Amino acid sequence: MNKITASITAVGGYVPEDKLTNFDLEKMVDTNDEWIRTRTGIEERRILKEPGKGSSDMAVPAVMEILKKKNLSPLDIDCIICATVTPDMVFPATANIICDKIGATNAWGYDMSAACSGFLYALTTGAMYIESGRFKKVIVVGVDKMSAIIDYTDRATCIIFGDGAGAVLLEPAADGTGVLDSILRSDGSGRHYLHMKAGGSVKPATVETVMAREHFAYQEGQAVFKFAVKGMADVSAELLERNGLTGDDISWLVPHQANLRIIDATANRMGLPKEKVMINIQKYGNTTAATLPLCLWDWEKQLKKGDNIVLAAFGGGFTWGATWVKWGYDGE
């Protein structure tokens with residue numbers, strides 16, 4: 001009897017219409033287009049500007065695209081896992097709000113907070129539910145409205161982040177496709193270099209924390225860069241080695257879109273040429289938990305059944321990891 005695996009059978013995505021270009025940022029902070037492009041690879045990012053709109057409002061169209069592609073009813077969905085660090089509210093979970101907005105009344109769900117590695121963690125978790133035989137249709141969403149927690153007077157962070165959502169459908173497969181292996185890591189000592197200072201239980205919101213601008217993402221760029229280059233490259237190489245794979249066996253690297261130099265370092269460590277690497281950072285910037293599914297969404301038509309794909313991420317926490325997926329269908 002063939003082992004049941006969790007195969008990705010559909011992808012959906014959504015990015016807001018409004019663009020924030022490097023030239024727009026030149027008017028807001030002391031930076032310039034060339035500096036941003038050469039250090040990050042980013043040219044523009046999408047921003048959700050509509051008042052009263054949050055992460056769930058980007059996730060819903062991404063999920064609805066999947067349902068339309070697969071001719072599914074929302075009632076067919078068993079579970080929705082939402083990876084995000086910008087939930088609509090502290091509680092209830094954004095996954096529950098998504099279920100309500102699409103009418104998935106048979107589904108349960110929850111949020112997963114692991115910063116830029118959130119989608120990778122959630123994908124591995126969702127795959128386990130499928131492998132267990134308990135569920136047949138699990139949707140994994142990666143979504144972040146980073147513009148909600150970015151200080152647009154801080155040039156260290158405002159040049160990097162954008163808003164967006166991506167989602168995948170996981171279903172049982174017995175043909176050898178699906179999520180085949182993951183190596184996931186975390187190191188809480190990294191919290192000092194990338195975090196939000198206030199708004200949690202240690203330092204609840206007060207007039208003083210708001211005035212001190214402590215409800216925005218804070219990052220020590222050099223420290224994070226150093227950890228990210230090593231962490232993402234090491235774990236991707238380890239994943240290949242433990243599965244007896246080389247760069248020649250890999251069709252695509254799907255890297256977290258944080259910085260072009262981190263992406264290049266990971267590809268080089270795996271022995272992959274540039275043409276095998278999904279890069280859309282120039283269009284969207286770093287959308288945190290949404291970067292990996294947005295890459296799959298952008299490249300879906302080029303993917304072929306049986307393609308070996310490695311997804312790799314590094315995020316605040318620190319969190320990082322790599323996942324080997326054998327693609328489940330031919331892109332249309």
# chains A, B, ... in the order shown; residues from 1 in each chain; ligands from 1
>>> residues_around(residues="segment 94-101 of chain A", least_positions_apart="2", cutoff="12 Å", atoms="only C-alpha atoms", output="tab-separated table (two decimals) with all heavy atoms, in the first residue's frame")
chain	number	residue	atom	x	y	z
A	54	GLY	N	-8.13	44.28	6.63
A	54	GLY	CA	-7.01	43.62	7.28
A	54	GLY	C	-6.55	42.40	6.54
A	54	GLY	O	-6.90	42.19	5.36
A	55	SER	N	-5.78	41.57	7.21
A	55	SER	CA	-5.19	40.39	6.58
A	55	SER	C	-6.24	39.45	6.00
A	55	SER	O	-6.07	38.90	4.91
A	55	SER	CB	-4.33	39.65	7.60
A	55	SER	OG	-3.16	40.38	7.89
A	56	SER	N	-7.36	39.28	6.71
A	56	SER	CA	-8.39	38.35	6.21
A	56	SER	C	-8.94	38.81	4.86
A	56	SER	O	-9.34	37.97	4.04
A	56	SER	CB	-9.54	38.22	7.22
A	56	SER	OG	-10.29	39.41	7.31
A	57	ASP	N	-8.95	40.12	4.62
A	57	ASP	CA	-9.50	40.64	3.37
A	57	ASP	C	-8.59	40.35	2.18
A	57	ASP	O	-9.05	40.37	1.03
A	57	ASP	CB	-9.74	42.15	3.48
A	57	ASP	CG	-10.79	42.47	4.53
A	57	ASP	OD1	-11.96	42.12	4.31
A	57	ASP	OD2	-10.42	43.02	5.58
A	58	MET	N	-7.32	40.05	2.43
A	58	MET	CA	-6.43	39.58	1.36
A	58	MET	C	-6.46	38.07	1.24
A	58	MET	O	-6.35	37.51	0.15
A	58	MET	CB	-5.00	40.07	1.62
A	58	MET	CG	-4.84	41.58	1.55
A	58	MET	SD	-3.11	42.11	1.67
A	58	MET	CE	-2.77	41.77	3.40
A	59	ALA	N	-6.63	37.40	2.38
A	59	ALA	CA	-6.65	35.93	2.38
A	59	ALA	C	-7.89	35.38	1.67
A	59	ALA	O	-7.81	34.38	0.95
A	59	ALA	CB	-6.59	35.41	3.81
A	60	VAL	N	-9.03	36.04	1.86
A	60	VAL	CA	-10.28	35.54	1.30
A	60	VAL	C	-10.22	35.37	-0.23
A	60	VAL	O	-10.55	34.30	-0.75
A	60	VAL	CB	-11.48	36.41	1.73
A	60	VAL	CG1	-12.70	36.14	0.86
A	60	VAL	CG2	-11.80	36.17	3.20
A	61	PRO	N	-9.78	36.39	-1.00
A	61	PRO	CA	-9.72	36.17	-2.46
A	61	PRO	C	-8.72	35.08	-2.86
A	61	PRO	O	-8.93	34.39	-3.86
A	61	PRO	CB	-9.32	37.53	-3.02
A	61	PRO	CG	-8.87	38.36	-1.87
A	61	PRO	CD	-9.52	37.80	-0.66
A	62	ALA	N	-7.64	34.92	-2.10
A	62	ALA	CA	-6.67	33.86	-2.39
A	62	ALA	C	-7.31	32.48	-2.20
A	62	ALA	O	-7.15	31.58	-3.03
A	62	ALA	CB	-5.44	34.00	-1.50
A	63	VAL	N	-8.08	32.33	-1.12
A	63	VAL	CA	-8.76	31.06	-0.86
A	63	VAL	C	-9.89	30.82	-1.87
A	63	VAL	O	-10.07	29.71	-2.38
A	63	VAL	CB	-9.32	31.03	0.58
A	63	VAL	CG1	-10.18	29.79	0.81
A	63	VAL	CG2	-8.18	31.08	1.60
A	64	MET	N	-10.62	31.88	-2.20
A	64	MET	CA	-11.73	31.74	-3.16
A	64	MET	C	-11.23	31.35	-4.54
A	64	MET	O	-11.91	30.63	-5.28
A	64	MET	CB	-12.54	33.04	-3.22
A	64	MET	CG	-13.31	33.37	-1.95
A	64	MET	SD	-14.45	32.07	-1.43
A	64	MET	CE	-15.68	32.17	-2.73
A	74	PRO	N	-17.16	25.95	-0.23
A	74	PRO	CA	-16.50	26.21	1.06
A	74	PRO	C	-16.81	25.14	2.10
A	74	PRO	O	-16.02	24.89	3.00
A	74	PRO	CB	-17.09	27.57	1.48
A	74	PRO	CG	-17.54	28.21	0.22
A	74	PRO	CD	-17.98	27.10	-0.68
A	75	LEU	N	-17.96	24.46	1.94
A	75	LEU	CA	-18.35	23.42	2.89
A	75	LEU	C	-17.47	22.18	2.78
A	75	LEU	O	-17.48	21.32	3.67
A	75	LEU	CB	-19.82	23.03	2.67
A	75	LEU	CG	-20.83	24.17	2.80
A	75	LEU	CD1	-22.25	23.66	2.51
A	75	LEU	CD2	-20.77	24.78	4.20
A	76	ASP	N	-16.71	22.07	1.68
A	76	ASP	CA	-15.83	20.92	1.49
A	76	ASP	C	-14.54	21.02	2.30
A	76	ASP	O	-13.84	20.02	2.46
A	76	ASP	CB	-15.45	20.77	0.00
A	76	ASP	CG	-16.65	20.46	-0.89
A	76	ASP	OD1	-17.56	19.77	-0.41
A	76	ASP	OD2	-16.67	20.92	-2.05
A	77	ILE	N	-14.22	22.22	2.78
A	77	ILE	CA	-12.94	22.44	3.47
A	77	ILE	C	-13.02	21.93	4.91
A	77	ILE	O	-13.96	22.23	5.64
A	77	ILE	CB	-12.57	23.94	3.46
A	77	ILE	CG1	-12.50	24.47	2.02
A	77	ILE	CG2	-11.24	24.18	4.17
A	77	ILE	CD1	-11.57	23.70	1.11
A	78	ASP	N	-12.01	21.14	5.29
A	78	ASP	CA	-11.95	20.58	6.65
A	78	ASP	C	-11.26	21.50	7.64
A	78	ASP	O	-11.63	21.56	8.81
A	78	ASP	CB	-11.19	19.24	6.64
A	78	ASP	CG	-11.86	18.18	5.80
A	78	ASP	OD1	-13.08	17.98	5.97
A	78	ASP	OD2	-11.19	17.56	4.96
A	79	CYS	N	-10.23	22.21	7.18
A	79	CYS	CA	-9.39	22.98	8.10
A	79	CYS	C	-8.68	24.09	7.34
A	79	CYS	O	-8.28	23.91	6.19
A	79	CYS	CB	-8.36	22.04	8.75
A	79	CYS	SG	-7.16	22.85	9.82
A	80	ILE	N	-8.54	25.24	7.98
A	80	ILE	CA	-7.74	26.35	7.44
A	80	ILE	C	-6.70	26.75	8.48
A	80	ILE	O	-7.05	27.06	9.63
A	80	ILE	CB	-8.60	27.57	7.06
A	80	ILE	CG1	-9.51	27.23	5.87
A	80	ILE	CG2	-7.72	28.77	6.72
A	80	ILE	CD1	-10.41	28.37	5.42
A	81	ILE	N	-5.44	26.70	8.09
A	81	ILE	CA	-4.35	27.17	8.95
A	81	ILE	C	-3.83	28.47	8.34
A	81	ILE	O	-3.47	28.50	7.16
A	81	ILE	CB	-3.20	26.15	9.04
A	81	ILE	CG1	-3.72	24.77	9.44
A	81	ILE	CG2	-2.15	26.63	10.03
A	81	ILE	CD1	-2.67	23.68	9.38
A	82	CYS	N	-3.83	29.52	9.14
A	82	CYS	CA	-3.42	30.84	8.64
A	82	CYS	C	-2.11	31.26	9.30
A	82	CYS	O	-2.06	31.50	10.51
A	82	CYS	CB	-4.51	31.87	8.91
A	82	CYS	SG	-4.08	33.54	8.36
A	83	ALA	N	-1.05	31.36	8.50
A	83	ALA	CA	0.23	31.86	8.99
A	83	ALA	C	0.25	33.37	8.85
A	83	ALA	O	0.10	33.90	7.74
A	83	ALA	CB	1.37	31.24	8.20
A	84	THR	N	0.42	34.07	9.98
A	84	THR	CA	0.43	35.54	9.93
A	84	THR	C	1.03	36.10	11.22
A	84	THR	O	0.91	35.48	12.28
A	84	THR	CB	-0.99	36.11	9.73
A	84	THR	OG1	-0.93	37.52	9.55
A	84	THR	CG2	-1.91	35.78	10.90
A	85	VAL	N	1.67	37.25	11.12
A	85	VAL	CA	2.05	38.02	12.31
A	85	VAL	C	1.27	39.33	12.38
A	85	VAL	O	1.48	40.15	13.25
A	85	VAL	CB	3.57	38.32	12.38
A	85	VAL	CG1	4.35	37.06	12.64
A	85	VAL	CG2	4.06	39.04	11.14
A	86	THR	N	0.34	39.50	11.44
A	86	THR	CA	-0.53	40.69	11.43
A	86	THR	C	-1.99	40.23	11.38
A	86	THR	O	-2.70	40.50	10.41
A	86	THR	CB	-0.21	41.60	10.22
A	86	THR	OG1	-0.32	40.82	9.01
A	86	THR	CG2	1.18	42.18	10.32
A	87	PRO	N	-2.44	39.52	12.42
A	87	PRO	CA	-3.84	39.07	12.43
A	87	PRO	C	-4.79	40.26	12.43
A	87	PRO	O	-4.41	41.37	12.81
A	87	PRO	CB	-3.93	38.28	13.74
A	87	PRO	CG	-2.85	38.85	14.61
A	87	PRO	CD	-1.74	39.21	13.67
A	88	ASP	N	-6.01	40.02	12.01
A	88	ASP	CA	-7.01	41.09	12.04
A	88	ASP	C	-7.12	41.67	13.44
A	88	ASP	O	-7.24	42.88	13.62
A	88	ASP	CB	-8.39	40.54	11.62
A	88	ASP	CG	-8.51	40.32	10.13
A	88	ASP	OD1	-7.46	40.25	9.45
A	88	ASP	OD2	-9.65	40.22	9.63
A	89	MET	N	-7.10	40.79	14.44
A	89	MET	CA	-7.17	41.17	15.86
A	89	MET	C	-6.28	40.20	16.62
A	89	MET	O	-5.91	39.15	16.09
A	89	MET	CB	-8.59	41.06	16.40
A	89	MET	CG	-9.66	41.73	15.56
A	89	MET	SD	-11.29	41.38	16.27
A	89	MET	CE	-12.25	41.28	14.77
A	90	VAL	N	-5.97	40.54	17.87
A	90	VAL	CA	-5.21	39.60	18.70
A	90	VAL	C	-5.99	38.28	18.82
A	90	VAL	O	-5.43	37.20	18.74
A	90	VAL	CB	-4.92	40.19	20.09
A	90	VAL	CG1	-4.26	39.16	21.00
A	90	VAL	CG2	-4.03	41.43	19.96
A	91	PHE	N	-7.27	38.36	19.02
A	91	PHE	CA	-8.18	37.23	18.92
A	91	PHE	C	-9.53	37.76	18.52
A	91	PHE	O	-9.82	38.92	18.76
A	91	PHE	CB	-8.24	36.42	20.24
A	91	PHE	CG	-8.90	37.15	21.38
A	91	PHE	CD1	-10.27	37.04	21.61
A	91	PHE	CD2	-8.15	37.96	22.23
A	91	PHE	CE1	-10.88	37.73	22.66
A	91	PHE	CE2	-8.75	38.65	23.29
A	91	PHE	CZ	-10.12	38.52	23.50
A	92	PRO	N	-10.37	37.01	17.83
A	92	PRO	CA	-10.20	35.61	17.44
A	92	PRO	C	-9.17	35.42	16.34
A	92	PRO	O	-8.68	36.39	15.76
A	92	PRO	CB	-11.60	35.23	16.93
A	92	PRO	CG	-12.14	36.51	16.37
A	92	PRO	CD	-11.62	37.57	17.31
A	103	GLY	N	-17.79	31.28	4.25
A	103	GLY	CA	-18.86	30.34	4.50
A	103	GLY	C	-18.40	28.91	4.70
A	103	GLY	O	-19.15	27.96	4.42
A	104	ALA	N	-17.16	28.74	5.20
A	104	ALA	CA	-16.63	27.39	5.44
A	104	ALA	C	-17.07	26.92	6.83
A	104	ALA	O	-16.25	26.78	7.75
A	104	ALA	CB	-15.11	27.40	5.31
A	105	THR	N	-18.36	26.65	6.96
A	105	THR	CA	-18.92	26.36	8.28
A	105	THR	C	-18.60	24.96	8.79
A	105	THR	O	-18.85	24.66	9.96
A	105	THR	CB	-20.45	26.57	8.26
A	105	THR	OG1	-21.00	25.81	7.18
A	105	THR	CG2	-20.79	28.04	8.06
A	106	ASN	N	-18.08	24.10	7.93
A	106	ASN	CA	-17.66	22.77	8.38
A	106	ASN	C	-16.19	22.74	8.79
A	106	ASN	O	-15.71	21.72	9.29
A	106	ASN	CB	-17.88	21.73	7.26
A	106	ASN	CG	-19.35	21.51	6.98
A	106	ASN	OD1	-20.17	21.62	7.87
A	106	ASN	ND2	-19.67	21.20	5.73
A	107	ALA	N	-15.50	23.84	8.57
A	107	ALA	CA	-14.05	23.86	8.82
A	107	ALA	C	-13.74	24.41	10.21
A	107	ALA	O	-14.49	25.21	10.77
A	107	ALA	CB	-13.36	24.73	7.77
A	108	TRP	N	-12.63	23.94	10.76
A	108	TRP	CA	-12.05	24.56	11.95
A	108	TRP	C	-10.71	25.13	11.52
A	108	TRP	O	-10.24	24.87	10.41
A	108	TRP	CB	-11.87	23.54	13.07
A	108	TRP	CG	-10.84	22.50	12.76
A	108	TRP	CD1	-10.95	21.48	11.85
A	108	TRP	CD2	-9.54	22.39	13.34
A	108	TRP	NE1	-9.80	20.74	11.82
A	108	TRP	CE2	-8.91	21.26	12.73
A	108	TRP	CE3	-8.84	23.10	14.31
A	108	TRP	CZ2	-7.62	20.85	13.06
A	108	TRP	CZ3	-7.56	22.69	14.63
A	108	TRP	CH2	-6.96	21.58	14.02
A	109	GLY	N	-10.11	25.93	12.37
A	109	GLY	CA	-8.84	26.50	11.96
A	109	GLY	C	-8.20	27.32	13.05
A	109	GLY	O	-8.81	27.57	14.10
A	110	TYR	N	-6.98	27.72	12.80
A	110	TYR	CA	-6.23	28.50	13.78
A	110	TYR	C	-5.11	29.23	13.08
A	110	TYR	O	-4.78	28.94	11.92
A	110	TYR	CB	-5.67	27.59	14.88
A	110	TYR	CG	-4.75	26.50	14.38
A	110	TYR	CD1	-3.38	26.68	14.29
A	110	TYR	CD2	-5.28	25.26	13.98
A	110	TYR	CE1	-2.55	25.68	13.82
A	110	TYR	CE2	-4.45	24.26	13.50
A	110	TYR	CZ	-3.08	24.47	13.43
A	110	TYR	OH	-2.26	23.48	12.96
A	111	ASP	N	-4.50	30.19	13.79
A	111	ASP	CA	-3.38	30.96	13.26
A	111	ASP	C	-2.06	30.37	13.73
A	111	ASP	O	-1.98	29.78	14.82
A	111	ASP	CB	-3.46	32.42	13.72
A	111	ASP	CG	-4.62	33.18	13.09
A	111	ASP	OD1	-5.33	32.59	12.24
A	111	ASP	OD2	-4.81	34.35	13.45
A	112	MET	N	-1.04	30.56	12.94
A	112	MET	CA	0.31	30.16	13.31
A	112	MET	C	1.22	31.37	13.17
A	112	MET	O	1.25	32.00	12.12
A	112	MET	CB	0.79	29.01	12.43
A	112	MET	CG	2.15	28.48	12.83
A	112	MET	SD	2.57	26.96	11.96
A	112	MET	CE	1.59	25.77	12.86
A	113	SER	N	1.94	31.70	14.23
A	113	SER	CA	2.81	32.87	14.23
A	113	SER	C	4.27	32.44	14.27
A	113	SER	O	4.76	32.01	15.31
A	113	SER	CB	2.49	33.76	15.45
A	113	SER	OG	3.37	34.86	15.50
A	122	ALA	N	3.36	26.11	8.79
A	122	ALA	CA	1.94	25.76	8.62
A	122	ALA	C	1.75	24.69	7.55
A	122	ALA	O	0.89	23.81	7.68
A	122	ALA	CB	1.13	27.02	8.26
A	138	VAL	N	-7.23	20.47	3.36
A	138	VAL	CA	-6.70	21.47	4.28
A	138	VAL	C	-6.15	22.64	3.46
A	138	VAL	O	-5.38	22.42	2.51
A	138	VAL	CB	-5.58	20.88	5.16
A	138	VAL	CG1	-4.93	21.98	6.01
A	138	VAL	CG2	-6.11	19.77	6.04
A	139	ILE	N	-6.56	23.84	3.80
A	139	ILE	CA	-6.02	25.03	3.12
A	139	ILE	C	-5.03	25.71	4.06
A	139	ILE	O	-5.32	25.95	5.24
A	139	ILE	CB	-7.14	26.01	2.72
A	139	ILE	CG1	-7.93	25.42	1.52
A	139	ILE	CG2	-6.57	27.37	2.35
A	139	ILE	CD1	-9.03	26.31	0.99
A	140	VAL	N	-3.84	25.98	3.53
A	140	VAL	CA	-2.80	26.69	4.26
A	140	VAL	C	-2.65	28.07	3.65
A	140	VAL	O	-2.39	28.19	2.44
A	140	VAL	CB	-1.46	25.93	4.22
A	140	VAL	CG1	-0.39	26.70	4.98
A	140	VAL	CG2	-1.62	24.53	4.79
A	141	VAL	N	-2.82	29.09	4.47
A	141	VAL	CA	-2.75	30.48	4.02
A	141	VAL	C	-1.51	31.15	4.62
A	141	VAL	O	-1.21	30.95	5.80
A	141	VAL	CB	-4.00	31.28	4.47
A	141	VAL	CG1	-3.91	32.73	4.02
A	141	VAL	CG2	-5.27	30.63	3.95
A	142	GLY	N	-0.81	31.92	3.82
A	142	GLY	CA	0.22	32.83	4.32
A	142	GLY	C	-0.19	34.24	3.97
A	142	GLY	O	-0.39	34.56	2.79
A	143	VAL	N	-0.39	35.09	4.98
A	143	VAL	CA	-0.87	36.45	4.70
A	143	VAL	C	-0.29	37.41	5.72
A	143	VAL	O	-0.18	37.10	6.89
A	143	VAL	CB	-2.43	36.51	4.73
A	143	VAL	CG1	-2.98	36.06	6.08
A	143	VAL	CG2	-2.93	37.91	4.39
A	144	ASP	N	0.10	38.58	5.24
A	144	ASP	CA	0.52	39.63	6.16
A	144	ASP	C	0.25	41.01	5.58
A	144	ASP	O	0.52	41.26	4.40
A	144	ASP	CB	2.00	39.51	6.52
A	144	ASP	CG	2.19	38.59	7.73
A	144	ASP	OD1	1.62	38.90	8.79
A	144	ASP	OD2	2.85	37.55	7.60
A	167	ALA	N	-2.16	31.12	-0.83
A	167	ALA	CA	-2.74	29.94	-0.19
A	167	ALA	C	-2.55	28.72	-1.07
A	167	ALA	O	-2.44	28.83	-2.30
A	167	ALA	CB	-4.23	30.18	0.08
>>> residues_around(residues="Lys301 of chain A", least_positions_apart="4", cutoff="10 Å", atoms="only C-alpha atoms", output="list in words")
Leu296, Trp297, Asp330, Gly331 and Glu332 of chain A
>>> write_last_selection(atoms="C-alpha atoms", output="PDB file, in the first residue's frame")
ATOM      1  CA  LEU A 296       4.057  29.375  -6.217  1.00  0.00           C
ATOM      2  CA  TRP A 297       1.132  31.496  -7.452  1.00  0.00           C
ATOM      3  CA  ASP A 330       0.849  20.265 -14.335  1.00  0.00           C
ATOM      4  CA  GLY A 331       0.369  24.036 -14.321  1.00  0.00           C
ATOM      5  CA  GLU A 332      -2.404  25.288 -16.559  1.00  0.00           C
TER       6      GLU A 332
END
>>> closest_residue(among="A:Leu25, A:Leu67, A:Ala198, A:Leu311", to="Leu184 of chain A", atoms="only C-alpha atoms")
A:Leu311
>>> residues_around(residues="Val229 of chain A", least_positions_apart="4", cutoff="9 Å", atoms="only C-alpha atoms", output="PDB file with all heavy atoms, in the first residue's frame")
ATOM      1  N   VAL A 224      20.466  40.264  11.606  1.00  0.00           N
ATOM      2  CA  VAL A 224      19.476  39.391  10.977  1.00  0.00           C
ATOM      3  C   VAL A 224      20.018  38.844   9.669  1.00  0.00           C
ATOM      4  O   VAL A 224      19.888  37.642   9.383  1.00  0.00           O
ATOM      5  CB  VAL A 224      18.153  40.152  10.740  1.00  0.00           C
ATOM      6  CG1 VAL A 224      17.174  39.286   9.950  1.00  0.00           C
ATOM      7  CG2 VAL A 224      17.536  40.570  12.071  1.00  0.00           C
ATOM      8  N   PHE A 225      20.661  39.696   8.875  1.00  0.00           N
ATOM      9  CA  PHE A 225      21.220  39.270   7.587  1.00  0.00           C
ATOM     10  C   PHE A 225      22.226  38.142   7.778  1.00  0.00           C
ATOM     11  O   PHE A 225      22.202  37.129   7.079  1.00  0.00           O
ATOM     12  CB  PHE A 225      21.884  40.466   6.892  1.00  0.00           C
ATOM     13  CG  PHE A 225      22.539  40.127   5.582  1.00  0.00           C
ATOM     14  CD1 PHE A 225      21.797  40.045   4.420  1.00  0.00           C
ATOM     15  CD2 PHE A 225      23.902  39.890   5.512  1.00  0.00           C
ATOM     16  CE1 PHE A 225      22.396  39.725   3.209  1.00  0.00           C
ATOM     17  CE2 PHE A 225      24.510  39.566   4.315  1.00  0.00           C
ATOM     18  CZ  PHE A 225      23.751  39.488   3.163  1.00  0.00           C
ATOM     19  N   ALA A 233      20.660  28.895   4.043  1.00  0.00           N
ATOM     20  CA  ALA A 233      21.531  28.110   3.159  1.00  0.00           C
ATOM     21  C   ALA A 233      21.865  26.759   3.786  1.00  0.00           C
ATOM     22  O   ALA A 233      21.801  25.715   3.123  1.00  0.00           O
ATOM     23  CB  ALA A 233      22.804  28.897   2.862  1.00  0.00           C
ATOM     24  N   ASP A 234      22.209  26.755   5.079  1.00  0.00           N
ATOM     25  CA  ASP A 234      22.586  25.507   5.758  1.00  0.00           C
ATOM     26  C   ASP A 234      21.455  24.490   5.758  1.00  0.00           C
ATOM     27  O   ASP A 234      21.653  23.310   5.458  1.00  0.00           O
ATOM     28  CB  ASP A 234      22.988  25.786   7.216  1.00  0.00           C
ATOM     29  CG  ASP A 234      24.393  26.352   7.347  1.00  0.00           C
ATOM     30  OD1 ASP A 234      25.077  26.493   6.316  1.00  0.00           O
ATOM     31  OD2 ASP A 234      24.803  26.671   8.479  1.00  0.00           O
ATOM     32  N   ARG A 261      20.395  39.015  -1.786  1.00  0.00           N
ATOM     33  CA  ARG A 261      21.697  38.419  -1.458  1.00  0.00           C
ATOM     34  C   ARG A 261      21.534  37.148  -0.633  1.00  0.00           C
ATOM     35  O   ARG A 261      22.325  36.209  -0.776  1.00  0.00           O
ATOM     36  CB  ARG A 261      22.570  39.453  -0.734  1.00  0.00           C
ATOM     37  CG  ARG A 261      23.024  40.584  -1.657  1.00  0.00           C
ATOM     38  CD  ARG A 261      23.940  41.572  -0.934  1.00  0.00           C
ATOM     39  NE  ARG A 261      23.220  42.382   0.037  1.00  0.00           N
ATOM     40  CZ  ARG A 261      23.812  43.268   0.833  1.00  0.00           C
ATOM     41  NH1 ARG A 261      25.112  43.431   0.800  1.00  0.00           N
ATOM     42  NH2 ARG A 261      23.096  43.976   1.692  1.00  0.00           N
ATOM     43  N   ILE A 262      20.513  37.099   0.223  1.00  0.00           N
ATOM     44  CA  ILE A 262      20.231  35.877   0.983  1.00  0.00           C
ATOM     45  C   ILE A 262      19.757  34.776   0.034  1.00  0.00           C
ATOM     46  O   ILE A 262      20.151  33.610   0.153  1.00  0.00           O
ATOM     47  CB  ILE A 262      19.183  36.141   2.076  1.00  0.00           C
ATOM     48  CG1 ILE A 262      19.693  37.189   3.077  1.00  0.00           C
ATOM     49  CG2 ILE A 262      18.814  34.846   2.803  1.00  0.00           C
ATOM     50  CD1 ILE A 262      18.646  37.671   4.063  1.00  0.00           C
ATOM     51  N   ILE A 263      18.915  35.148  -0.924  1.00  0.00           N
ATOM     52  CA  ILE A 263      18.424  34.187  -1.916  1.00  0.00           C
ATOM     53  C   ILE A 263      19.589  33.626  -2.733  1.00  0.00           C
ATOM     54  O   ILE A 263      19.698  32.408  -2.931  1.00  0.00           O
ATOM     55  CB  ILE A 263      17.384  34.861  -2.843  1.00  0.00           C
ATOM     56  CG1 ILE A 263      16.123  35.231  -2.048  1.00  0.00           C
ATOM     57  CG2 ILE A 263      17.031  33.948  -4.017  1.00  0.00           C
ATOM     58  CD1 ILE A 263      15.136  36.101  -2.821  1.00  0.00           C
ATOM     59  N   ALA A 265      22.748  33.422  -1.917  1.00  0.00           N
ATOM     60  CA  ALA A 265      23.607  32.580  -1.078  1.00  0.00           C
ATOM     61  C   ALA A 265      23.017  31.181  -0.919  1.00  0.00           C
ATOM     62  O   ALA A 265      23.741  30.177  -0.956  1.00  0.00           O
ATOM     63  CB  ALA A 265      23.804  33.237   0.289  1.00  0.00           C
ATOM     64  N   THR A 266      21.690  31.115  -0.761  1.00  0.00           N
ATOM     65  CA  THR A 266      21.029  29.816  -0.603  1.00  0.00           C
ATOM     66  C   THR A 266      21.117  29.013  -1.893  1.00  0.00           C
ATOM     67  O   THR A 266      21.436  27.818  -1.871  1.00  0.00           O
ATOM     68  CB  THR A 266      19.553  30.023  -0.200  1.00  0.00           C
ATOM     69  OG1 THR A 266      19.504  30.799   1.001  1.00  0.00           O
ATOM     70  CG2 THR A 266      18.851  28.698   0.024  1.00  0.00           C
ATOM     71  N   PHE A 314      13.476  32.088   6.337  1.00  0.00           N
ATOM     72  CA  PHE A 314      14.105  32.530   7.578  1.00  0.00           C
ATOM     73  C   PHE A 314      13.317  33.722   8.094  1.00  0.00           C
ATOM     74  O   PHE A 314      12.986  34.626   7.335  1.00  0.00           O
ATOM     75  CB  PHE A 314      15.563  32.952   7.345  1.00  0.00           C
ATOM     76  CG  PHE A 314      16.287  33.269   8.622  1.00  0.00           C
ATOM     77  CD1 PHE A 314      17.031  32.293   9.262  1.00  0.00           C
ATOM     78  CD2 PHE A 314      16.206  34.523   9.209  1.00  0.00           C
ATOM     79  CE1 PHE A 314      17.692  32.565  10.453  1.00  0.00           C
ATOM     80  CE2 PHE A 314      16.848  34.817  10.398  1.00  0.00           C
ATOM     81  CZ  PHE A 314      17.596  33.822  11.018  1.00  0.00           C
TER      82      PHE A 314
END
>>> residues_around(residues="Lys274 of chain A", least_positions_apart="3", cutoff="12 Å", atoms="only C-alpha atoms", output="ChimeraX atom specification")
/A:247,251-255,260,263-268,270-271,277-279
>>> closest_residue(among="A:Pro172, A:Gly285, A:Gly200, A:Gly316", to="Gly328 of chain A", atoms="only C-alpha atoms")
A:Pro172
>>> select_by_dssp(residues="segment 85-261 of chain A", states="strand (DSSP E)", output="JSON, numbers by chain")
{"A": [108, 109, 110, 111, 112, 138, 139, 140, 141, 142, 143, 144, 145, 163, 164, 165, 166, 167, 168, 169, 170, 171, 172, 173, 178, 179, 180, 181, 182, 183, 184, 185, 186, 194, 195, 196, 217, 218, 219, 252, 253, 254, 255]}
>>> residues_around(residues="Glu17 of chain A", least_positions_apart="4", cutoff="12 Å", atoms="only C-alpha atoms", output="list in words")
Glu44, Arg45, Arg46, Ile47, Leu48, Lys49, Glu50, Met58, Gly162, Asp163, Gly164, Lys283 and Tyr284 of chain A
>>> write_last_selection(atoms="C-alpha atoms", output="PDB file, in the first residue's frame")
ATOM      1  CA  GLU A  44       8.142  48.259  -5.424  1.00  0.00           C
ATOM      2  CA  ARG A  45       5.748  46.700  -2.940  1.00  0.00           C
ATOM      3  CA  ARG A  46       1.946  46.457  -2.654  1.00  0.00           C
ATOM      4  CA  ILE A  47       0.071  48.232   0.155  1.00  0.00           C
ATOM      5  CA  LEU A  48      -3.481  47.569   1.391  1.00  0.00           C
ATOM      6  CA  LYS A  49      -4.698  51.126   1.853  1.00  0.00           C
ATOM      7  CA  GLU A  50      -8.470  50.717   2.220  1.00  0.00           C
ATOM      8  CA  MET A  58      -6.429  39.584   1.360  1.00  0.00           C
ATOM      9  CA  GLY A 162       4.793  44.865   1.563  1.00  0.00           C
ATOM     10  CA  ASP A 163       1.304  43.354   1.850  1.00  0.00           C
ATOM     11  CA  GLY A 164      -0.079  40.209   0.237  1.00  0.00           C
ATOM     12  CA  LYS A 283       7.430  43.337  -7.368  1.00  0.00           C
ATOM     13  CA  TYR A 284       6.174  42.663  -3.858  1.00  0.00           C
TER      14      TYR A 284
END
